[in-house]
Structure formats: structure tokens, C-alpha cells
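Down below is the structure, laid out as C-alpha cells.
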Amino acid sequence: MDLPDYAIEATGVFKTYAATKTTPEKRALNGIDLKVPRGSIFGLLGPNGAGKSTFINILAGLTHKTAGTVKIWGRDIDERPRDARAAIGVVPQELAADVFFTPEESLETQAGMYGVPKSERRTAELLAALGLSDKARAYVRQLSGGMKRRLMVAKAMVHNPPVLILDEPTAGVDVELRRQLWSYVLELNRAGVTIVLTTHYLEEAQELCDRIAIINRGEVVVSEPTSTLLRRLDTRNVVVTPDTPVDNAPALVGFETRLRPGGAFAVTYKTGQSSVEQVLAAVRGQGLHIKDIATEDPDLEDVFMSLTYAAPDAADPLKD
Ligand code: ADP
């Protein structure tokens with residue numbers, strides 16, 4: 001069989017959560033278009049509430065989309081839901097604890113759920129790959145958090161899916177475990193598994209992913225090779241505290257500005273194109289007196305800003 005060019009192909013995906021007694025209707029995805037090339041390690045980045053989990057849940061078959069099409073490994077999730085699900089393994093954000101199972105039982109049960117015949121099960125191999133062989137028969141509740149997380153990865157791989165999704169895999173995970181986890185993920189990738197990971201740490205995505213998509217407010221803001229994205233990051237901020245606190249960040253020609261707490265504001269400038277000197281001149285040009293300045297590296301939010309420079313928040317119906 002021909003292998004698909006894209007491990008995941010999403011077109012025009014919308015998701016609106018229905019209103020409940022206590023919450024209004026909420027549009028979480030607003031037309032996601034995304035292609036994940038086969039064989040890549042793909043980072044899905046975005047701030048909290050951007051829609052990452054919603055999107056992952058749709059891929060995993062846990063949430064129904066409102067509109068759009070999604071293909072996993074070339075299989076349309078509406079037309080061939082079983083085949084699509086067989087192509088994907090998902091490591092969820094939450095540590096689901098099968099406290100009454102041993103890791104071995106947990107993997108066997110999972111394999112059974114996916115209909116993997118006994119002769120094709122890889123329980124011992126997976127436990128070994130994730131450094132859990134000596135815990136194969138321990139109760140899951142006796143495992144450390146890190147071991148539980150590795151077990152989740154093993155569970156996601158029982159049916160040998162060509163696509164593995166990791167939802168915030170290193171939230172609250174220590175450095176050592178993170179390294180172990182990544183080395184296994186990289187090994188899987190070398191063996192041909194396409195990896196998608198969500199994170200809100202730009203650094204993590206930077207280090208691992210060959211492609212990064214940024215989602216903001218339910219839309220893909222950018223999706224490109226990591227190296228291309230990083231070239232956009234040649235920016236720095238100058239945080240200006242004026243003598244008299246401001247209510248709105250001043251508009252400065254050629255710079256993006258954002259209000260900070262306490263009547264200060266941040267000015268983002270491109271290091272290759274301007275200097276702190278020019279920023280300060282522009283601030284003074286607005287008749288503002290400067291009490292204090294600080295410089296800082298941009299964070300993901302600044303990257304969003306520079307990529308999405310858009311309507312003010314108040315006009316945005318999607319805002320929480
Ligand atoms: P992320 O994973 O990027 O933090 P989510 O997909 O969890 O984002 O959430 C996207 C938006 O949808 C948020 O505004 C969130 O509050 C809302 N949302 C998520 N799940 C539900 C739900 N089950 N019902 C209603 N709103 C939801």
C-alpha cells in the first residue's frame with residue numbers, strides 16, 4: 001500500500017461546545033487547516049485555551065468536530081473511524097491510573113481493546129523499551145509519576161500505530177525523565193513513527209520538532225519548519241515604565257506595543273532592524289518621559305503578537 005504523504009490532514013475543522021446551564025456556547029476551533037508530513041516530529045503550540053486538546057481529542061475520536069474533514073494516515077475519521085483510530089496512539093495529558101492493574105496487565109488489556117492478537121502483542125518489548133521491565137508485575141499505584149507516564153506511552157503504542165500523539169508530555173516531569181522520554185520518542189521517530197506533541201513551551205518544541213504549528217484562538221497562525229519559525233524570533237522586548245502610568249500602550253510606528261501591569265508597556269523590536277536606542281527615541285517622540293526600562297527575550301506570546309497582529313481583544317468574540 002502506498003504510504004500517505006501526510007500522517008494527519010485536517011481541513012476546515014470547527015468545534016463548538018454546546019452551551020450548558022452554567023456556560024455559554026464556546027467555539028474552540030475556528031477552521032483548523034493542518035498537514036502533518038509523514039515521518040515528522042510535529043509540534044503543536046499554543047497558549048492555554050488555544051484549542052490544542054480539543055483538536056487532539058477530535059483526532060483521538062474522543063470529541064466530535066462540528067465541521068471539517070480529518071484524515072489520519074489517509075483515512076477519513078468519519079468514513080473509516082476504526083481504521084483511522086487504529087493508525088493513532090494518544091498519550092493523554094492526565095495520568096489515568098489503572099491502580100488495580102500491573103503494567104503488564106495494563107498493556108495486555110489495552111492490546112485486547114485494540115484487537116491485537118496475542119501472537120502479535122509486544123508487551124515485554126514495550127516494557128523494556130520504556131525501562132519498566134522490572135516493574136512489569138508491580139501495582140501501578142506503586143509506580144512513580146515518571147514510571148506512570150512511561151507506561152502511558154507504552155499503552156499508546158500497543159497497536160503499533162504509525163502516528164503517536166503526546167499531549168503536554170512533560171508538564172510536571174523532571175529533567176531526567178524528560179530526557180528518557182525524548183530518547184524513546186526519537187527512537188520511535190527513527191523507526192518511522194510520526195510524532196505530534198502539544199506543548200506551551202516553545203523551547204521544548206524548538207529542541208525536538210522539525211515542524212511547528214502555532215494555534216491561537218482555535219486557528220492555525222503558522223505552520224512551518226522549525227528553522228523558518230526561529231528566524232522570526234529575532235525580536236526583543238523593551239519594557240518601558242513611564243513617569244506617568246499609561247492606560248493604553250502607545251502606538252509607535254514600526255514597533256508592536258503591549259500594555260503591561262502598572263501602567264508600563266512592552267515594545268517589541270527586531271534585533272536586526274532596530275535598536276533599543278531607536279525604541280526609546282520613538283517613546284520619547286510620543287511625549288512620554290521614561291522612568292525605567294528593562295529588556296527581555298520574547299516569549300511565545302510575543303511571537304503570537306508578531307504573527308497575528310490583529311484586532312483588539314475587545315472585538316474578539318472568541319475571547320474567554
Ligand atoms: P488548550 O488545550 O489549547 O489549552 P482546549 O482545547 O482545552 O485548549 O480549549 C479550547 C477552548 O475550549 C477553551 O476556551 C476552553 O475553555 C474551551 N473548552 C474546552 N473543553 C470544553 C468543554 N468540554 N466544554 C466547553 N468548553 C470547552
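Residue numbers start at 1 in each chain; chains themselves are named A, B, ... in the order of the C-alpha cells; ligands are numbered from 1 in the order shown.
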
Between chain A and ligand 1, at 9 Å or less, what are the per-residue closest atom pairs and their distances in Å? Count only C-alpha atoms and all ligand atoms, order by chain and rising residue number, and return it as JSON lines.
{"residue": "A:Lys15", "atom": "CA", "partner": "ligand 1", "partner_atom_place_in_ligand_line": "12 (O)", "distance": 8.5}
{"residue": "A:Thr16", "atom": "CA", "partner": "ligand 1", "partner_atom_place_in_ligand_line": "26 (N)", "distance": 7.9}
{"residue": "A:Tyr17", "atom": "CA", "partner": "ligand 1", "partner_atom_place_in_ligand_line": "25 (C)", "distance": 4.9}
{"residue": "A:Ala18", "atom": "CA", "partner": "ligand 1", "partner_atom_place_in_ligand_line": "25 (C)", "distance": 6.9}
{"residue": "A:Ala19", "atom": "CA", "partner": "ligand 1", "partner_atom_place_in_ligand_line": "25 (C)", "distance": 7.4}
{"residue": "A:Thr20", "atom": "CA", "partner": "ligand 1", "partner_atom_place_in_ligand_line": "25 (C)", "distance": 8.2}
{"residue": "A:Thr23", "atom": "CA", "partner": "ligand 1", "partner_atom_place_in_ligand_line": "25 (C)", "distance": 7.4}
{"residue": "A:Pro24", "atom": "CA", "partner": "ligand 1", "partner_atom_place_in_ligand_line": "25 (C)", "distance": 8.2}
{"residue": "A:Glu25", "atom": "CA", "partner": "ligand 1", "partner_atom_place_in_ligand_line": "25 (C)", "distance": 7.2}
{"residue": "A:Lys26", "atom": "CA", "partner": "ligand 1", "partner_atom_place_in_ligand_line": "26 (N)", "distance": 5.5}
{"residue": "A:Arg27", "atom": "CA", "partner": "ligand 1", "partner_atom_place_in_ligand_line": "12 (O)", "distance": 6.6}
{"residue": "A:Ala28", "atom": "CA", "partner": "ligand 1", "partner_atom_place_in_ligand_line": "12 (O)", "distance": 4.1}
{"residue": "A:Leu29", "atom": "CA", "partner": "ligand 1", "partner_atom_place_in_ligand_line": "10 (C)", "distance": 7.2}
{"residue": "A:Leu45", "atom": "CA", "partner": "ligand 1", "partner_atom_place_in_ligand_line": "3 (O)", "distance": 8.0}
{"residue": "A:Gly46", "atom": "CA", "partner": "ligand 1", "partner_atom_place_in_ligand_line": "3 (O)", "distance": 5.9}
{"residue": "A:Pro47", "atom": "CA", "partner": "ligand 1", "partner_atom_place_in_ligand_line": "3 (O)", "distance": 5.9}
{"residue": "A:Asn48", "atom": "CA", "partner": "ligand 1", "partner_atom_place_in_ligand_line": "4 (O)", "distance": 3.6}
{"residue": "A:Gly49", "atom": "CA", "partner": "ligand 1", "partner_atom_place_in_ligand_line": "8 (O)", "distance": 3.5}
{"residue": "A:Ala50", "atom": "CA", "partner": "ligand 1", "partner_atom_place_in_ligand_line": "3 (O)", "distance": 3.7}
{"residue": "A:Gly51", "atom": "CA", "partner": "ligand 1", "partner_atom_place_in_ligand_line": "6 (O)", "distance": 3.2}
{"residue": "A:Lys52", "atom": "CA", "partner": "ligand 1", "partner_atom_place_in_ligand_line": "3 (O)", "distance": 3.7}
{"residue": "A:Ser53", "atom": "CA", "partner": "ligand 1", "partner_atom_place_in_ligand_line": "2 (O)", "distance": 3.6}
{"residue": "A:Thr54", "atom": "CA", "partner": "ligand 1", "partner_atom_place_in_ligand_line": "6 (O)", "distance": 3.6}
{"residue": "A:Phe55", "atom": "CA", "partner": "ligand 1", "partner_atom_place_in_ligand_line": "6 (O)", "distance": 6.4}
{"residue": "A:Ile56", "atom": "CA", "partner": "ligand 1", "partner_atom_place_in_ligand_line": "6 (O)", "distance": 8.0}
{"residue": "A:Asn57", "atom": "CA", "partner": "ligand 1", "partner_atom_place_in_ligand_line": "6 (O)", "distance": 8.3}
{"residue": "A:Thr63", "atom": "CA", "partner": "ligand 1", "partner_atom_place_in_ligand_line": "23 (N)", "distance": 8.8}
{"residue": "A:Asp167", "atom": "CA", "partner": "ligand 1", "partner_atom_place_in_ligand_line": "2 (O)", "distance": 8.4}
{"residue": "A:Glu168", "atom": "CA", "partner": "ligand 1", "partner_atom_place_in_ligand_line": "2 (O)", "distance": 8.8}
{"residue": "A:Thr198", "atom": "CA", "partner": "ligand 1", "partner_atom_place_in_ligand_line": "2 (O)", "distance": 8.2}
{"residue": "A:Thr199", "atom": "CA", "partner": "ligand 1", "partner_atom_place_in_ligand_line": "3 (O)", "distance": 8.7}
{"residue": "A:His200", "atom": "CA", "partner": "ligand 1", "partner_atom_place_in_ligand_line": "3 (O)", "distance": 8.4}
{"residue": "A:Ile215", "atom": "CA", "partner": "ligand 1", "partner_atom_place_in_ligand_line": "3 (O)", "distance": 7.7}
{"residue": "A:Asn216", "atom": "CA", "partner": "ligand 1", "partner_atom_place_in_ligand_line": "3 (O)", "distance": 7.9}
{"residue": "A:Arg217", "atom": "CA", "partner": "ligand 1", "partner_atom_place_in_ligand_line": "10 (C)", "distance": 7.5}
{"residue": "A:Gly218", "atom": "CA", "partner": "ligand 1", "partner_atom_place_in_ligand_line": "10 (C)", "distance": 7.0}
{"residue": "A:Leu318", "atom": "CA", "partner": "ligand 1", "partner_atom_place_in_ligand_line": "14 (O)", "distance": 7.8}
{"residue": "A:Lys319", "atom": "CA", "partner": "ligand 1", "partner_atom_place_in_ligand_line": "14 (O)", "distance": 7.6}
{"residue": "A:Asp320", "atom": "CA", "partner": "ligand 1", "partner_atom_place_in_ligand_line": "14 (O)", "distance": 5.9}

DSSP on the backbone, helix (DSSP H, G or I) only: what residues of region 78-279 of chain A does that give? Format it as a compact mmCIF listing (two decimals) with N, CA, C and O atoms, in the first residue's frame.
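Dumped to result-v1.txt:
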# COMPACT_ATOMS: atom_id res chain seq x y z
N PRO A 81 -13.80 5.39 10.66
CA PRO A 81 -13.38 5.72 12.03
C PRO A 81 -12.48 4.66 12.67
O PRO A 81 -11.51 5.00 13.34
N ARG A 82 -12.80 3.39 12.42
CA ARG A 82 -11.99 2.34 13.05
C ARG A 82 -10.57 2.32 12.50
O ARG A 82 -9.60 2.23 13.25
N ASP A 83 -10.48 2.43 11.18
CA ASP A 83 -9.15 2.41 10.55
C ASP A 83 -8.35 3.63 10.97
O ASP A 83 -7.14 3.57 11.18
N ALA A 84 -9.04 4.76 11.07
CA ALA A 84 -8.35 5.99 11.47
C ALA A 84 -7.83 5.83 12.89
O ALA A 84 -6.68 6.17 13.19
N ARG A 85 -8.67 5.29 13.77
CA ARG A 85 -8.27 5.15 15.17
C ARG A 85 -7.12 4.15 15.33
O ARG A 85 -6.27 4.31 16.19
N ALA A 86 -7.11 3.15 14.45
CA ALA A 86 -6.03 2.15 14.53
C ALA A 86 -4.68 2.76 14.17
O ALA A 86 -3.64 2.23 14.54
N PRO A 103 1.57 -3.04 35.26
CA PRO A 103 1.88 -2.53 33.92
C PRO A 103 1.65 -3.59 32.85
O PRO A 103 1.09 -3.30 31.78
N GLU A 104 2.05 -4.82 33.14
CA GLU A 104 1.87 -5.90 32.17
C GLU A 104 0.39 -6.10 31.83
O GLU A 104 0.01 -6.14 30.67
N GLU A 105 -0.44 -6.16 32.87
CA GLU A 105 -1.88 -6.34 32.65
C GLU A 105 -2.47 -5.15 31.91
O GLU A 105 -3.34 -5.29 31.06
N SER A 106 -1.98 -4.00 32.28
CA SER A 106 -2.48 -2.78 31.67
C SER A 106 -2.24 -2.79 30.15
O SER A 106 -3.14 -2.47 29.36
N LEU A 107 -1.06 -3.20 29.74
CA LEU A 107 -0.74 -3.25 28.31
C LEU A 107 -1.51 -4.36 27.61
O LEU A 107 -1.99 -4.19 26.49
N GLU A 108 -1.66 -5.49 28.29
CA GLU A 108 -2.42 -6.60 27.69
C GLU A 108 -3.88 -6.20 27.49
O GLU A 108 -4.48 -6.50 26.46
N THR A 109 -4.44 -5.54 28.48
CA THR A 109 -5.83 -5.11 28.38
C THR A 109 -6.01 -4.12 27.23
O THR A 109 -6.95 -4.21 26.44
N GLN A 110 -5.08 -3.18 27.16
CA GLN A 110 -5.14 -2.19 26.10
C GLN A 110 -5.04 -2.86 24.73
O GLN A 110 -5.79 -2.55 23.81
N ALA A 111 -4.11 -3.81 24.61
CA ALA A 111 -3.94 -4.53 23.34
C ALA A 111 -5.23 -5.27 22.99
O ALA A 111 -5.66 -5.29 21.83
N GLY A 112 -5.85 -5.84 24.00
CA GLY A 112 -7.11 -6.53 23.78
C GLY A 112 -8.18 -5.59 23.25
O GLY A 112 -8.93 -5.91 22.33
N MET A 113 -8.21 -4.37 23.81
CA MET A 113 -9.20 -3.39 23.37
C MET A 113 -9.01 -3.01 21.91
O MET A 113 -9.95 -2.70 21.21
N LYS A 118 -2.98 -12.16 20.38
CA LYS A 118 -1.95 -12.46 21.38
C LYS A 118 -0.57 -12.64 20.76
O LYS A 118 0.43 -12.16 21.30
N SER A 119 -0.54 -13.30 19.61
CA SER A 119 0.76 -13.60 18.99
C SER A 119 1.48 -12.33 18.52
O SER A 119 2.68 -12.34 18.31
N GLU A 120 0.71 -11.25 18.36
CA GLU A 120 1.34 -10.02 17.86
C GLU A 120 1.58 -8.98 18.96
O GLU A 120 1.98 -7.85 18.68
N THR A 123 4.07 -6.76 24.61
CA THR A 123 4.09 -6.27 25.98
C THR A 123 5.50 -6.19 26.57
O THR A 123 5.92 -5.13 27.06
N ALA A 124 6.24 -7.29 26.49
CA ALA A 124 7.58 -7.32 27.10
C ALA A 124 8.51 -6.31 26.42
O ALA A 124 9.26 -5.59 27.08
N GLU A 125 8.39 -6.25 25.10
CA GLU A 125 9.25 -5.34 24.33
C GLU A 125 8.99 -3.88 24.71
O GLU A 125 9.92 -3.09 24.92
N LEU A 126 7.71 -3.55 24.84
CA LEU A 126 7.36 -2.17 25.19
C LEU A 126 7.80 -1.83 26.61
O LEU A 126 8.32 -0.73 26.86
N LEU A 127 7.59 -2.77 27.51
CA LEU A 127 8.01 -2.51 28.89
C LEU A 127 9.52 -2.31 28.95
O LEU A 127 10.01 -1.40 29.63
N ALA A 128 10.26 -3.11 28.20
CA ALA A 128 11.71 -2.98 28.18
C ALA A 128 12.11 -1.63 27.57
O ALA A 128 12.95 -0.91 28.11
N ALA A 129 11.47 -1.28 26.46
CA ALA A 129 11.83 -0.04 25.77
C ALA A 129 11.64 1.16 26.68
O ALA A 129 12.35 2.16 26.57
N SER A 133 10.66 -2.96 32.70
CA SER A 133 10.67 -4.43 32.79
C SER A 133 10.60 -4.91 34.24
O SER A 133 9.84 -5.82 34.56
N ASP A 134 11.38 -4.27 35.10
CA ASP A 134 11.40 -4.78 36.49
C ASP A 134 10.16 -4.36 37.27
O ASP A 134 10.01 -4.73 38.43
N LYS A 135 9.30 -3.58 36.64
CA LYS A 135 8.04 -3.20 37.30
C LYS A 135 6.84 -3.88 36.64
O LYS A 135 5.70 -3.52 36.92
N VAL A 140 0.32 -0.59 39.64
CA VAL A 140 0.55 0.72 39.05
C VAL A 140 0.61 1.80 40.14
O VAL A 140 1.37 2.76 40.04
N ARG A 141 -0.17 1.59 41.20
CA ARG A 141 -0.16 2.63 42.24
C ARG A 141 1.20 2.71 42.94
O ARG A 141 1.48 3.67 43.63
N GLN A 142 2.03 1.67 42.74
CA GLN A 142 3.37 1.71 43.36
C GLN A 142 4.40 2.37 42.45
O GLN A 142 5.56 2.51 42.83
N GLY A 145 5.53 8.81 39.46
CA GLY A 145 4.85 9.59 38.42
C GLY A 145 5.51 9.39 37.06
O GLY A 145 4.84 9.24 36.04
N GLY A 146 6.84 9.38 37.08
CA GLY A 146 7.58 9.23 35.82
C GLY A 146 7.33 7.87 35.19
O GLY A 146 7.16 7.75 33.98
N MET A 147 7.29 6.85 36.03
CA MET A 147 7.03 5.50 35.50
C MET A 147 5.63 5.41 34.93
O MET A 147 5.40 4.78 33.90
N LYS A 148 4.69 6.04 35.62
CA LYS A 148 3.31 6.03 35.12
C LYS A 148 3.24 6.67 33.74
O LYS A 148 2.55 6.20 32.85
N ARG A 149 3.98 7.76 33.62
CA ARG A 149 3.94 8.44 32.33
C ARG A 149 4.53 7.57 31.22
O ARG A 149 4.01 7.50 30.12
N ARG A 150 5.61 6.89 31.55
CA ARG A 150 6.19 5.98 30.54
C ARG A 150 5.23 4.85 30.20
O ARG A 150 5.14 4.43 29.06
N LEU A 151 4.50 4.41 31.21
CA LEU A 151 3.52 3.37 30.96
C LEU A 151 2.44 3.87 29.99
O LEU A 151 1.96 3.13 29.13
N MET A 152 2.08 5.15 30.14
CA MET A 152 1.08 5.73 29.23
C MET A 152 1.58 5.71 27.79
O MET A 152 0.82 5.50 26.86
N VAL A 153 2.88 5.97 27.63
CA VAL A 153 3.45 5.94 26.28
C VAL A 153 3.39 4.51 25.74
O VAL A 153 2.98 4.28 24.60
N ALA A 154 3.76 3.55 26.59
CA ALA A 154 3.71 2.15 26.17
C ALA A 154 2.29 1.77 25.77
O ALA A 154 2.06 1.12 24.75
N LYS A 155 1.31 2.22 26.56
CA LYS A 155 -0.09 1.91 26.26
C LYS A 155 -0.52 2.47 24.90
O LYS A 155 -1.26 1.84 24.16
N ALA A 156 -0.02 3.67 24.62
CA ALA A 156 -0.40 4.30 23.35
C ALA A 156 0.19 3.56 22.15
O ALA A 156 -0.26 3.73 21.03
N VAL A 175 13.71 16.65 34.75
CA VAL A 175 14.64 16.72 33.62
C VAL A 175 15.09 15.33 33.15
O VAL A 175 15.12 15.04 31.95
N GLU A 176 15.41 14.48 34.13
CA GLU A 176 15.91 13.15 33.81
C GLU A 176 14.87 12.36 33.02
O GLU A 176 15.16 11.77 31.97
N LEU A 177 13.63 12.39 33.50
CA LEU A 177 12.57 11.65 32.84
C LEU A 177 12.30 12.23 31.45
O LEU A 177 12.07 11.51 30.49
N ARG A 178 12.34 13.53 31.39
CA ARG A 178 12.11 14.19 30.11
C ARG A 178 13.11 13.66 29.08
O ARG A 178 12.75 13.34 27.95
N ARG A 179 14.36 13.55 29.51
CA ARG A 179 15.39 13.04 28.59
C ARG A 179 15.10 11.62 28.14
O ARG A 179 15.18 11.29 26.97
N GLN A 180 14.71 10.79 29.11
CA GLN A 180 14.38 9.39 28.77
C GLN A 180 13.22 9.32 27.79
O GLN A 180 13.26 8.58 26.82
N LEU A 181 12.23 10.13 28.11
CA LEU A 181 11.03 10.12 27.28
C LEU A 181 11.39 10.54 25.86
O LEU A 181 11.00 9.90 24.89
N TRP A 182 12.17 11.59 25.76
CA TRP A 182 12.53 12.08 24.42
C TRP A 182 13.38 11.09 23.67
O TRP A 182 13.26 10.95 22.47
N SER A 183 14.26 10.38 24.40
CA SER A 183 15.12 9.48 23.66
C SER A 183 14.28 8.34 23.08
O SER A 183 14.51 7.90 21.96
N TYR A 184 13.25 7.94 23.82
CA TYR A 184 12.37 6.90 23.28
C TYR A 184 11.55 7.43 22.10
O TYR A 184 11.39 6.77 21.08
N VAL A 185 11.06 8.64 22.27
CA VAL A 185 10.26 9.24 21.20
C VAL A 185 11.10 9.40 19.92
O VAL A 185 10.64 9.09 18.83
N LEU A 186 12.34 9.81 20.10
CA LEU A 186 13.22 9.96 18.93
C LEU A 186 13.50 8.60 18.27
O LEU A 186 13.55 8.50 17.06
N GLU A 187 13.64 7.60 19.11
CA GLU A 187 13.85 6.25 18.60
C GLU A 187 12.65 5.79 17.76
O GLU A 187 12.80 5.26 16.67
N LEU A 188 11.46 6.04 18.30
CA LEU A 188 10.25 5.69 17.55
C LEU A 188 10.22 6.44 16.23
O LEU A 188 9.88 5.88 15.19
N ASN A 189 10.58 7.69 16.28
CA ASN A 189 10.56 8.50 15.07
C ASN A 189 11.53 7.95 14.03
O ASN A 189 11.21 7.86 12.85
N ARG A 190 12.72 7.57 14.50
CA ARG A 190 13.70 6.98 13.57
C ARG A 190 13.16 5.70 12.95
O ARG A 190 13.46 5.38 11.82
N LEU A 202 7.82 26.77 24.10
CA LEU A 202 8.46 26.96 22.80
C LEU A 202 9.80 26.23 22.75
O LEU A 202 10.15 25.60 21.76
N GLU A 203 10.53 26.31 23.86
CA GLU A 203 11.86 25.71 23.91
C GLU A 203 11.84 24.22 23.61
O GLU A 203 12.68 23.70 22.89
N GLU A 204 10.86 23.56 24.23
CA GLU A 204 10.74 22.13 24.05
C GLU A 204 10.48 21.80 22.58
O GLU A 204 11.10 20.89 22.02
N ALA A 205 9.58 22.53 21.98
CA ALA A 205 9.24 22.29 20.59
C ALA A 205 10.45 22.59 19.70
O ALA A 205 10.76 21.85 18.77
N GLN A 206 11.12 23.65 20.04
CA GLN A 206 12.29 24.08 19.30
C GLN A 206 13.33 22.96 19.23
O GLN A 206 13.94 22.71 18.21
N GLU A 207 13.53 22.34 20.38
CA GLU A 207 14.58 21.34 20.51
C GLU A 207 14.26 20.07 19.72
O GLU A 207 15.13 19.47 19.13
N LEU A 208 12.99 19.68 19.74
CA LEU A 208 12.64 18.36 19.22
C LEU A 208 12.01 18.34 17.85
O LEU A 208 12.18 17.39 17.11
N THR A 226 10.73 24.32 11.71
CA THR A 226 11.19 24.99 12.92
C THR A 226 12.23 26.07 12.60
O THR A 226 12.19 27.17 13.14
N SER A 227 13.12 25.75 11.68
CA SER A 227 14.17 26.72 11.36
C SER A 227 13.58 28.02 10.81
O SER A 227 14.05 29.11 11.11
N THR A 228 12.53 27.90 10.01
CA THR A 228 11.89 29.09 9.45
C THR A 228 11.23 29.90 10.56
O THR A 228 11.35 31.12 10.61
N LEU A 229 10.58 29.17 11.46
CA LEU A 229 9.89 29.85 12.56
C LEU A 229 10.90 30.59 13.44
O LEU A 229 10.67 31.72 13.87
N LEU A 230 12.02 29.93 13.69
CA LEU A 230 13.00 30.54 14.58
C LEU A 230 13.57 31.83 14.00
O LEU A 230 13.92 32.74 14.74
N ARG A 231 13.61 31.89 12.71
CA ARG A 231 14.11 33.13 12.10
C ARG A 231 13.18 34.31 12.38
O ARG A 231 13.59 35.45 12.30
N PRO A 261 1.25 45.37 33.31
CA PRO A 261 0.64 45.81 34.57
C PRO A 261 1.34 47.06 35.12
O PRO A 261 2.52 47.28 34.86
N GLY A 262 0.60 47.85 35.82
CA GLY A 262 1.17 49.02 36.48
C GLY A 262 1.42 50.19 35.57
O GLY A 262 2.22 51.08 35.88
N GLY A 263 0.76 50.20 34.41
CA GLY A 263 0.90 51.35 33.52
C GLY A 263 2.18 51.35 32.72
O GLY A 263 2.55 52.35 32.11
N VAL A 276 17.58 49.41 20.81
CA VAL A 276 16.92 49.95 22.00
C VAL A 276 16.87 51.47 21.87
O VAL A 276 15.86 52.11 22.19
N GLU A 277 17.96 52.02 21.39
CA GLU A 277 18.05 53.46 21.19
C GLU A 277 16.87 53.99 20.37
O GLU A 277 16.23 54.97 20.74
N GLN A 278 16.59 53.30 19.28
CA GLN A 278 15.50 53.75 18.41
C GLN A 278 14.15 53.60 19.09
O GLN A 278 13.26 54.42 18.90
N VAL A 279 14.03 52.52 19.88
CA VAL A 279 12.78 52.31 20.61
C VAL A 279 12.55 53.49 21.56
O VAL A 279 11.47 54.09 21.61

Backbone DSSP call of strand (DSSP E) for region 162-244 of chain A, listed as an NGL selection string = :A and (163-167 or 194-199 or 211-216 or 219-225 or 235-242)

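The shortest atom-to-atom distance to Pro92 (chain A), with only C-alpha atoms taken into account, belongs to A:Pro169 out of A:Pro250, A:Pro169, A:Pro37, A:Pro245.
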
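Near Leu197 (chain A), within 6 Å and counting only C-alpha atoms, sit Gly43, Leu44, Ile165, Leu166 and Asp167 of chain A, not including residues fewer than 3 positions from it in the same chain.
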
Write the residues of the selection above to a file with C-alpha atoms, as an mmCIF file, in the first residue's frame.
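File written: out.cif
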data_model
loop_
_atom_site.group_PDB
_atom_site.id
_atom_site.type_symbol
_atom_site.label_atom_id
_atom_site.label_comp_id
_atom_site.auth_asym_id
_atom_site.auth_seq_id
_atom_site.Cartn_x
_atom_site.Cartn_y
_atom_site.Cartn_z
ATOM 1 C CA GLY A 43 4.964 20.482 17.496
ATOM 2 C CA LEU A 44 1.534 21.913 18.143
ATOM 3 C CA ILE A 165 0.369 11.964 19.779
ATOM 4 C CA LEU A 166 1.702 13.264 23.058
ATOM 5 C CA ASP A 167 -0.483 15.840 24.779
#

Selection: 6 Å around Ile88 (chain A), only C-alpha atoms, excl. self and same-chain fewer than 4 positions, as a list of chain:residue names | A:Pro161, A:Val163, A:Leu164

Mind pulling up the distance from CA of Leu259 (chain A) to CA of Asp297 (chain A)?
-> 16.5 Å

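Of the residues under consideration (A:Ala294, A:Val70, A:Ala10, A:Ile41), A:Ile41 shows the shortest atom-to-atom contact distance to Val196 (chain A) when counting only C-alpha atoms.
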